[in-house]
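Next comes start_9.pdb, a file with PDB, C-alpha atoms.
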ATOM      1  CA  LYS Q   1      18.855 232.985  30.291
ATOM      2  CA  ARG Q   2      18.656 234.349  33.819
ATOM      3  CA  MET Q   3      15.395 235.982  34.826
ATOM      4  CA  THR Q   4      15.859 239.629  35.802
ATOM      5  CA  SER Q   5      14.108 241.286  38.719
ATOM      6  CA  ALA Q   6      11.841 243.162  36.331
ATOM      7  CA  SER Q   7      10.853 240.115  34.265
ATOM      8  CA  ALA Q   8      10.142 238.159  37.451
ATOM      9  CA  THR Q   9       7.375 240.611  38.255
ATOM     10  CA  GLY Q  10       5.881 241.029  34.818
ATOM     11  CA  GLY Q  11       8.063 244.000  33.878
ATOM     12  CA  ARG Q  12       7.170 246.064  36.957
ATOM     13  CA  ARG Q  13       9.839 247.721  39.054
ATOM     14  CA  LEU Q  14       9.073 247.009  42.674
ATOM     15  CA  GLY Q  15       9.629 249.379  45.549
ATOM     16  CA  PRO Q  16      11.797 248.279  48.490
ATOM     17  CA  GLU Q  17       8.941 246.872  50.604
ATOM     18  CA  ASP Q  18       7.333 245.008  47.697
ATOM     19  CA  ARG Q  19      10.711 243.650  46.634
ATOM     20  CA  ARG Q  20      11.455 242.454  50.162
ATOM     21  CA  GLU Q  21       8.054 240.752  50.312
ATOM     22  CA  GLN Q  22       8.606 239.083  46.936
ATOM     23  CA  ILE Q  23      11.969 237.700  48.082
ATOM     24  CA  ILE Q  24      10.488 236.319  51.308
ATOM     25  CA  VAL Q  25       7.642 234.619  49.427
ATOM     26  CA  SER Q  26       9.977 233.013  46.892
ATOM     27  CA  ALA Q  27      12.422 231.963  49.626
ATOM     28  CA  ALA Q  28       9.601 230.315  51.571
ATOM     29  CA  LYS Q  29       8.858 228.111  48.554
ATOM     30  CA  VAL Q  30      12.512 227.072  48.365
ATOM     31  CA  PHE Q  31      12.725 226.318  52.094
ATOM     32  CA  GLU Q  32       9.546 224.240  51.897
ATOM     33  CA  GLU Q  33      11.376 221.888  49.531
ATOM     34  CA  LYS Q  34      14.877 221.927  51.051
ATOM     35  CA  SER Q  35      16.464 222.237  54.473
ATOM     36  CA  PHE Q  36      18.274 225.381  55.565
ATOM     37  CA  ALA Q  37      21.694 223.728  55.163
ATOM     38  CA  ASP Q  38      20.969 222.599  51.592
ATOM     39  CA  VAL Q  39      19.978 226.030  50.268
ATOM     40  CA  SER Q  40      22.466 228.625  49.003
ATOM     41  CA  MET Q  41      22.072 232.383  48.660
ATOM     42  CA  THR Q  42      22.665 231.979  44.919
ATOM     43  CA  GLU Q  43      19.712 229.590  44.693
ATOM     44  CA  LEU Q  44      17.522 231.962  46.712
ATOM     45  CA  ALA Q  45      18.469 234.881  44.468
ATOM     46  CA  LYS Q  46      17.651 232.862  41.350
ATOM     47  CA  ALA Q  47      14.273 231.837  42.786
ATOM     48  CA  ALA Q  48      13.428 235.479  43.499
ATOM     49  CA  GLY Q  49      14.632 236.614  40.064
ATOM     50  CA  VAL Q  50      17.164 239.023  41.547
ATOM     51  CA  GLY Q  51      20.934 239.266  41.632
ATOM     52  CA  ARG Q  52      22.943 238.007  44.585
ATOM     53  CA  PRO Q  53      24.094 241.567  45.495
ATOM     54  CA  LEU Q  54      20.481 242.744  45.765
ATOM     55  CA  LEU Q  55      19.600 239.786  47.977
ATOM     56  CA  ASN Q  56      22.532 240.628  50.244
ATOM     57  CA  HIS Q  57      21.424 244.270  50.294
ATOM     58  CA  TYR Q  58      17.983 243.378  51.652
ATOM     59  CA  PHE Q  59      18.882 240.555  54.013
ATOM     60  CA  GLY Q  60      22.647 240.432  54.493
ATOM     61  CA  SER Q  61      22.787 236.688  54.988
ATOM     62  CA  LYS Q  62      20.875 233.451  54.498
ATOM     63  CA  ARG Q  63      20.227 233.376  58.238
ATOM     64  CA  GLU Q  64      18.463 236.753  58.202
ATOM     65  CA  LEU Q  65      16.290 235.753  55.260
ATOM     66  CA  TYR Q  66      15.461 232.401  56.872
ATOM     67  CA  LEU Q  67      14.519 234.171  60.101
ATOM     68  CA  ASP Q  68      12.030 236.349  58.233
ATOM     69  CA  VAL Q  69      10.577 233.288  56.501
ATOM     70  CA  VAL Q  70      10.205 231.385  59.785
ATOM     71  CA  ARG Q  71       8.612 234.385  61.462
ATOM     72  CA  ARG Q  72       6.063 234.489  58.664
ATOM     73  CA  PHE Q  73       4.881 231.027  59.661
ATOM     74  CA  VAL Q  74       4.586 231.560  63.402
ATOM     75  CA  PHE Q  75       3.468 235.090  64.109
ATOM     76  CA  ILE Q  76       0.090 236.709  63.755
ATOM     77  CA  PRO Q  77       0.333 239.639  61.313
ATOM     78  CA  GLU Q  78      -1.175 243.001  62.163
ATOM     79  CA  VAL Q  79      -3.809 242.617  59.446
ATOM     80  CA  ALA Q  80      -5.056 239.418  61.110
ATOM     81  CA  VAL Q  81      -5.307 241.245  64.420
ATOM     82  CA  ASP Q  82      -7.201 244.133  62.822
ATOM     83  CA  ARG Q  83      -9.736 241.739  61.272
ATOM     84  CA  ILE Q  84     -10.858 240.442  64.656
ATOM     85  CA  PRO Q  85     -13.901 242.522  65.701
ATOM     86  CA  ARG Q  86     -13.207 244.448  68.891
ATOM     87  CA  SER Q  87     -16.770 243.714  69.983
ATOM     88  CA  ALA Q  88     -16.282 239.930  69.702
ATOM     89  CA  SER Q  89     -16.223 237.869  72.869
ATOM     90  CA  GLN Q  90     -12.902 236.732  74.239
ATOM     91  CA  GLU Q  91     -13.615 233.161  73.189
ATOM     92  CA  LYS Q  92     -14.419 234.197  69.605
ATOM     93  CA  ARG Q  93     -11.255 236.296  69.425
ATOM     94  CA  ILE Q  94      -9.212 233.328  70.629
ATOM     95  CA  GLY Q  95     -10.992 231.074  68.130
ATOM     96  CA  ALA Q  96     -10.103 233.455  65.302
ATOM     97  CA  VAL Q  97      -6.445 233.522  66.349
ATOM     98  CA  ILE Q  98      -6.247 229.719  66.505
ATOM     99  CA  ASP Q  99      -8.030 229.376  63.141
ATOM    100  CA  ARG Q 100      -5.358 231.565  61.599
ATOM    101  CA  TRP Q 101      -2.600 229.458  63.194
ATOM    102  CA  LEU Q 102      -4.093 226.217  61.868
ATOM    103  CA  ASP Q 103      -4.782 227.666  58.404
ATOM    104  CA  VAL Q 104      -1.124 228.634  57.984
ATOM    105  CA  ALA Q 105       0.105 225.329  59.438
ATOM    106  CA  TRP Q 106      -2.004 223.348  56.962
ATOM    107  CA  ARG Q 107      -1.306 225.523  53.932
ATOM    108  CA  HIS Q 108       2.467 225.364  54.470
ATOM    109  CA  ARG Q 109       2.719 222.080  56.349
ATOM    110  CA  ASP Q 110       5.993 220.955  54.723
ATOM    111  CA  MET Q 111       7.747 224.151  55.798
ATOM    112  CA  TRP Q 112       6.000 224.042  59.152
ATOM    113  CA  ILE Q 113       7.141 220.481  59.889
ATOM    114  CA  SER Q 114      10.738 221.107  58.772
ATOM    115  CA  THR Q 115      11.165 224.307  60.803
ATOM    116  CA  VAL Q 116       8.650 225.139  63.505
ATOM    117  CA  MET Q 117       8.222 221.517  64.621
ATOM    118  CA  SER Q 118      11.818 220.413  64.117
ATOM    119  CA  ASP Q 119      13.623 219.132  67.212
ATOM    120  CA  ALA Q 120      16.808 218.893  65.143
ATOM    121  CA  LEU Q 121      16.862 222.648  64.531
ATOM    122  CA  ARG Q 122      16.569 223.247  68.263
ATOM    123  CA  ARG Q 123      19.835 221.363  68.717
ATOM    124  CA  ASP Q 124      21.599 223.841  66.435
ATOM    125  CA  PRO Q 125      22.466 226.901  68.594
ATOM    126  CA  GLU Q 126      22.029 229.376  65.729
ATOM    127  CA  MET Q 127      18.709 227.959  64.610
ATOM    128  CA  ASP Q 128      17.537 227.702  68.221
ATOM    129  CA  ARG Q 129      18.131 231.445  68.615
ATOM    130  CA  ILE Q 130      16.134 232.068  65.433
ATOM    131  CA  LEU Q 131      13.210 230.002  66.676
ATOM    132  CA  GLN Q 132      13.354 231.565  70.142
ATOM    133  CA  ASP Q 133      13.146 234.998  68.554
ATOM    134  CA  ALA Q 134      10.215 233.828  66.429
ATOM    135  CA  ASP Q 135       8.517 232.509  69.570
ATOM    136  CA  ASP Q 136       8.882 235.926  71.182
ATOM    137  CA  VAL Q 137       7.358 237.632  68.125
ATOM    138  CA  ALA Q 138       4.456 235.151  68.137
ATOM    139  CA  ALA Q 139       3.781 235.775  71.834
ATOM    140  CA  ARG Q 140       3.756 239.559  71.424
ATOM    141  CA  ARG Q 141       1.396 239.328  68.462
ATOM    142  CA  MET Q 142      -0.874 236.934  70.337
ATOM    143  CA  MET Q 143      -1.043 239.371  73.253
ATOM    144  CA  ASP Q 144      -1.897 242.193  70.846
ATOM    145  CA  ALA Q 145      -4.619 240.115  69.186
ATOM    146  CA  LEU Q 146      -6.241 239.309  72.534
ATOM    147  CA  GLU Q 147      -5.588 242.754  74.018
ATOM    148  CA  ILE Q 148      -3.610 241.314  76.914
ATOM    149  CA  ARG Q 149      -2.105 244.277  78.762
ATOM    150  CA  PRO Q 150      -0.184 243.066  81.823
ATOM    151  CA  SER Q 151       1.134 245.409  84.480
ATOM    152  CA  GLU Q 152       4.822 246.235  84.514
ATOM    153  CA  GLY Q 153       5.388 243.886  87.425
ATOM    154  CA  SER Q 154       3.927 240.845  85.673
ATOM    155  CA  ALA Q 155       4.814 241.659  82.040
ATOM    156  CA  ALA Q 156       7.807 239.312  81.800
ATOM    157  CA  ALA Q 157       5.959 236.407  83.424
ATOM    158  CA  VAL Q 158       2.851 236.869  81.264
ATOM    159  CA  HIS Q 159       4.953 237.007  78.110
ATOM    160  CA  SER Q 160       6.743 233.794  79.133
ATOM    161  CA  MET Q 161       3.414 232.085  79.787
ATOM    162  CA  ILE Q 162       2.218 232.927  76.281
ATOM    163  CA  VAL Q 163       5.520 231.640  74.861
ATOM    164  CA  ALA Q 164       4.938 228.411  76.811
ATOM    165  CA  TYR Q 165       1.432 228.171  75.369
ATOM    166  CA  GLY Q 166       3.033 228.417  71.927
ATOM    167  CA  GLY Q 167       4.893 225.208  72.776
ATOM    168  CA  LEU Q 168       1.563 223.502  73.449
ATOM    169  CA  ALA Q 169       0.197 224.821  70.152
ATOM    170  CA  LYS Q 170       3.148 223.403  68.226
ATOM    171  CA  ALA Q 171       2.950 220.049  70.013
ATOM    172  CA  ALA Q 172      -0.783 219.791  69.359
ATOM    173  CA  SER Q 173      -0.318 220.737  65.698
ATOM    174  CA  LYS Q 174       2.309 218.006  65.394
ATOM    175  CA  GLN Q 175      -0.255 215.460  66.612
ATOM    176  CA  TRP Q 176      -2.447 216.598  63.732
ATOM    177  CA  LEU Q 177       0.008 217.162  60.872
ATOM    178  CA  VAL Q 178       2.637 214.510  61.589
ATOM    179  CA  THR Q 179       1.130 211.622  63.549
ATOM    180  CA  GLY Q 180      -2.540 212.062  62.628
ATOM    181  CA  ALA Q 181      -3.524 211.214  66.203
ATOM    182  CA  LEU Q 182      -5.739 214.325  66.352
ATOM    183  CA  ASP Q 183      -7.845 215.980  63.669
ATOM    184  CA  ARG Q 184      -8.082 219.723  63.122
ATOM    185  CA  GLU Q 185     -11.304 220.115  65.109
ATOM    186  CA  GLN Q 186      -9.765 218.378  68.124
ATOM    187  CA  VAL Q 187      -6.645 220.521  67.960
ATOM    188  CA  HIS Q 188      -8.783 223.645  67.652
ATOM    189  CA  LEU Q 189     -10.813 222.645  70.709
ATOM    190  CA  LEU Q 190      -7.690 221.895  72.762
ATOM    191  CA  LEU Q 191      -5.952 225.153  71.886
ATOM    192  CA  VAL Q 192      -8.978 227.429  72.268
ATOM    193  CA  ARG Q 193     -10.052 225.982  75.621
ATOM    194  CA  SER Q 194      -6.486 225.957  76.961
ATOM    195  CA  LEU Q 195      -5.820 229.559  75.990
ATOM    196  CA  LEU Q 196      -9.175 230.633  77.345
ATOM    197  CA  ALA Q 197      -8.283 229.068  80.715
ATOM    198  CA  ILE Q 198      -4.911 230.819  80.686
ATOM    199  CA  VAL Q 199      -6.449 234.201  79.905
ATOM    200  CA  ARG Q 200      -9.340 233.889  82.369
ATOM    201  CA  ASP Q 201      -7.671 232.092  85.279
ATOM    202  CA  VAL Q 202      -3.877 231.948  85.054
ATOM    203  CA  LEU Q 203      -3.050 235.496  83.961
ATOM    204  CA  PRO Q 204      -5.262 237.186  86.601
ATOM    205  CA  ALA Q 205      -3.616 235.007  89.272
ATOM    206  CA  CYS Q 206      -0.222 236.048  87.939
ATOM    207  CA  GLU Q 207      -1.250 239.701  88.197
ATOM    208  CA  ALA Q 208      -2.430 239.172  91.769
ATOM    209  CA  ASP Q 209       0.869 237.529  92.736
ATOM    210  CA  SER Q 210       2.886 240.363  91.235
TER     211      SER Q 210
END
Just give me the structure of the file as structure tokens.
Amino acid sequence: KRMTSASATGGRRLGPEDRREQIIVSAAKVFEEKSFADVSMTELAKAAGVGRPLLNHYFGSKRELYLDVVRRFVFIPEVAVDRIPRSASQEKRIGAVIDRWLDVAWRHRDMWISTVMSDALRRDPEMDRILQDADDVAARRMMDALEIRPSEGSAAAVHSMIVAYGGLAKAASKQWLVTGALDREQVHLLLVRSLLAIVRDVLPACEADS
């Protein structure tokens, strides 16, 4: 017997935002176990306890749903930004951001390795666009978390520098989660100190050049 959308949530009828969130969470579990190519919209609908038409209504396609799932793993949500005390030092704010990154990477490492760290996905033009978009979201959220406010003349360059730093963060995390060459503390040290140098030295120089 197929589970209905009401029975999947203990008999409660969810509003649009809660329903969308529930679908993303259930889809993430599916994508942690299977690759994008091996998952169907029918399977995703079944996992969420909803009908295929409702899934299409919220996301339109598997690609759109996958994009939202991937974004969930790479960007810093507003609530995480709000939890960082405004009075904290720049180094502590950076440390809090990196802790959040590493927490998510460890908690969902199978999904993280198969998507965020996948070189194979980068060779697929469609998936590469998805990951590029996710990188842009991550950079904007990082800038919000650290209150980086570049001038109009340097905004594009600063954003690109933060995107580039995201590449370092992914490479360092791979050395921890995949090869085991680094432990979490070493990755944390590398990423915090590198970002601190970028914020204190590189970005001001970029502003001066602009």
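Checking Q:Asp209, Q:Asp68, Q:Glu32, Q:Glu21 one by one against Ala48 in chain Q, counting only C-alpha atoms, you find the shortest gap at Q:Glu21.
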Resolved residues for the PyMOL selection byres ((chain Q and resi 210) around 6) as a PyMOL selection string: chain Q and resi 153-154+207-209
Length of the CA of Leu67 in chain Q to CA of Leu177 in chain Q vector [Å]: 22.4 Å
Please, which residues in range 15-116 of chain Q fall within 9 Å of range 169-172 of chain Q when counting all atoms listed in the file, and what is the closest atom pair and distance in Å to one decimal for each, ordered by chain then residue number, as a Markdown table?
| residue | atom | partner | partner_atom | distance |
| --- | --- | --- | --- | --- |
| Q:Ile98 | CA | Q:Ala169 | CA | 8.9 |
| Q:Trp101 | CA | Q:Ala169 | CA | 8.8 |
| Q:Val116 | CA | Q:Lys170 | CA | 7.5 |
Counting only C-alpha atoms, the residue of Q:Leu191, Q:Ala37, Q:Ile94, Q:Ile24 that sits nearest Glu147 in chain Q: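 Closest to Glu147 in chain Q, using only C-alpha atoms: Q:Ile94.
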Selected residue, from Q:Thr179, Q:Gln90, Q:Ser118, Q:Ser35, that lies nearest to Arg200 in chain Q when counting only C-alpha atoms: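 Comparing Q:Thr179, Q:Gln90, Q:Ser118, Q:Ser35 against Arg200 in chain Q, the winner is Q:Gln90.
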Å distance separating CA of Ile148 in chain Q from CA of Val199 in chain Q, one decimal place: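 Rounded to one decimal, the two atoms are 8.2 Å apart.
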Two-atom distance - CA of Gly51 in chain Q, CA of Val70 in chain Q (Å): 22.5 Å
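Checking Q:Gln132, Q:Ser194, Q:Ser151, Q:Gln22 one by one against Leu168 in chain Q, counting all atoms listed in the file, you find the shortest gap at Q:Ser194.
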Atom completion result for range 137-152 of chain Q (N, CA and C atoms) as a PDB file, keeping the file's coordinate frame:
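Written file, result35.pdb:
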ATOM      1  N   VAL Q 137       8.214 236.848  69.028  1.00  0.00           N
ATOM      2  CA  VAL Q 137       7.358 237.632  68.125  1.00  0.00           C
ATOM      3  C   VAL Q 137       5.930 237.100  68.167  1.00  0.00           C
ATOM      4  N   ALA Q 138       5.786 235.769  68.121  1.00  0.00           N
ATOM      5  CA  ALA Q 138       4.456 235.151  68.137  1.00  0.00           C
ATOM      6  C   ALA Q 138       3.717 235.499  69.422  1.00  0.00           C
ATOM      7  N   ALA Q 139       4.414 235.477  70.549  1.00  0.00           N
ATOM      8  CA  ALA Q 139       3.781 235.775  71.834  1.00  0.00           C
ATOM      9  C   ALA Q 139       3.316 237.222  71.889  1.00  0.00           C
ATOM     10  N   ARG Q 140       4.154 238.134  71.415  1.00  0.00           N
ATOM     11  CA  ARG Q 140       3.756 239.559  71.424  1.00  0.00           C
ATOM     12  C   ARG Q 140       2.535 239.791  70.537  1.00  0.00           C
ATOM     13  N   ARG Q 141       2.524 239.145  69.369  1.00  0.00           N
ATOM     14  CA  ARG Q 141       1.396 239.328  68.462  1.00  0.00           C
ATOM     15  C   ARG Q 141       0.126 238.696  69.032  1.00  0.00           C
ATOM     16  N   MET Q 142       0.268 237.570  69.688  1.00  0.00           N
ATOM     17  CA  MET Q 142      -0.874 236.934  70.337  1.00  0.00           C
ATOM     18  C   MET Q 142      -1.456 237.852  71.408  1.00  0.00           C
ATOM     19  N   MET Q 143      -0.587 238.459  72.206  1.00  0.00           N
ATOM     20  CA  MET Q 143      -1.043 239.371  73.253  1.00  0.00           C
ATOM     21  C   MET Q 143      -1.750 240.585  72.658  1.00  0.00           C
ATOM     22  N   ASP Q 144      -1.242 241.072  71.529  1.00  0.00           N
ATOM     23  CA  ASP Q 144      -1.897 242.193  70.846  1.00  0.00           C
ATOM     24  C   ASP Q 144      -3.278 241.784  70.342  1.00  0.00           C
ATOM     25  N   ALA Q 145      -3.355 240.588  69.753  1.00  0.00           N
ATOM     26  CA  ALA Q 145      -4.619 240.115  69.186  1.00  0.00           C
ATOM     27  C   ALA Q 145      -5.690 239.972  70.258  1.00  0.00           C
ATOM     28  N   LEU Q 146      -5.286 239.552  71.457  1.00  0.00           N
ATOM     29  CA  LEU Q 146      -6.241 239.309  72.534  1.00  0.00           C
ATOM     30  C   LEU Q 146      -6.318 240.471  73.519  1.00  0.00           C
ATOM     31  N   GLU Q 147      -5.601 241.545  73.186  1.00  0.00           N
ATOM     32  CA  GLU Q 147      -5.588 242.754  74.018  1.00  0.00           C
ATOM     33  C   GLU Q 147      -5.191 242.437  75.460  1.00  0.00           C
ATOM     34  N   ILE Q 148      -4.157 241.634  75.597  1.00  0.00           N
ATOM     35  CA  ILE Q 148      -3.610 241.314  76.914  1.00  0.00           C
ATOM     36  C   ILE Q 148      -2.633 242.418  77.285  1.00  0.00           C
ATOM     37  N   ARG Q 149      -2.922 243.139  78.355  1.00  0.00           N
ATOM     38  CA  ARG Q 149      -2.105 244.277  78.762  1.00  0.00           C
ATOM     39  C   ARG Q 149      -1.664 244.075  80.211  1.00  0.00           C
ATOM     40  N   PRO Q 150      -0.609 243.318  80.447  1.00  0.00           N
ATOM     41  CA  PRO Q 150      -0.184 243.066  81.823  1.00  0.00           C
ATOM     42  C   PRO Q 150       0.446 244.305  82.452  1.00  0.00           C
ATOM     43  N   SER Q 151       0.462 244.334  83.768  1.00  0.00           N
ATOM     44  CA  SER Q 151       1.134 245.409  84.480  1.00  0.00           C
ATOM     45  C   SER Q 151       2.641 245.248  84.332  1.00  0.00           C
ATOM     46  N   GLU Q 152       3.361 246.286  84.650  1.00  0.00           N
ATOM     47  CA  GLU Q 152       4.822 246.235  84.514  1.00  0.00           C
ATOM     48  C   GLU Q 152       5.413 245.109  85.360  1.00  0.00           C
TER      49      GLU Q 152
END
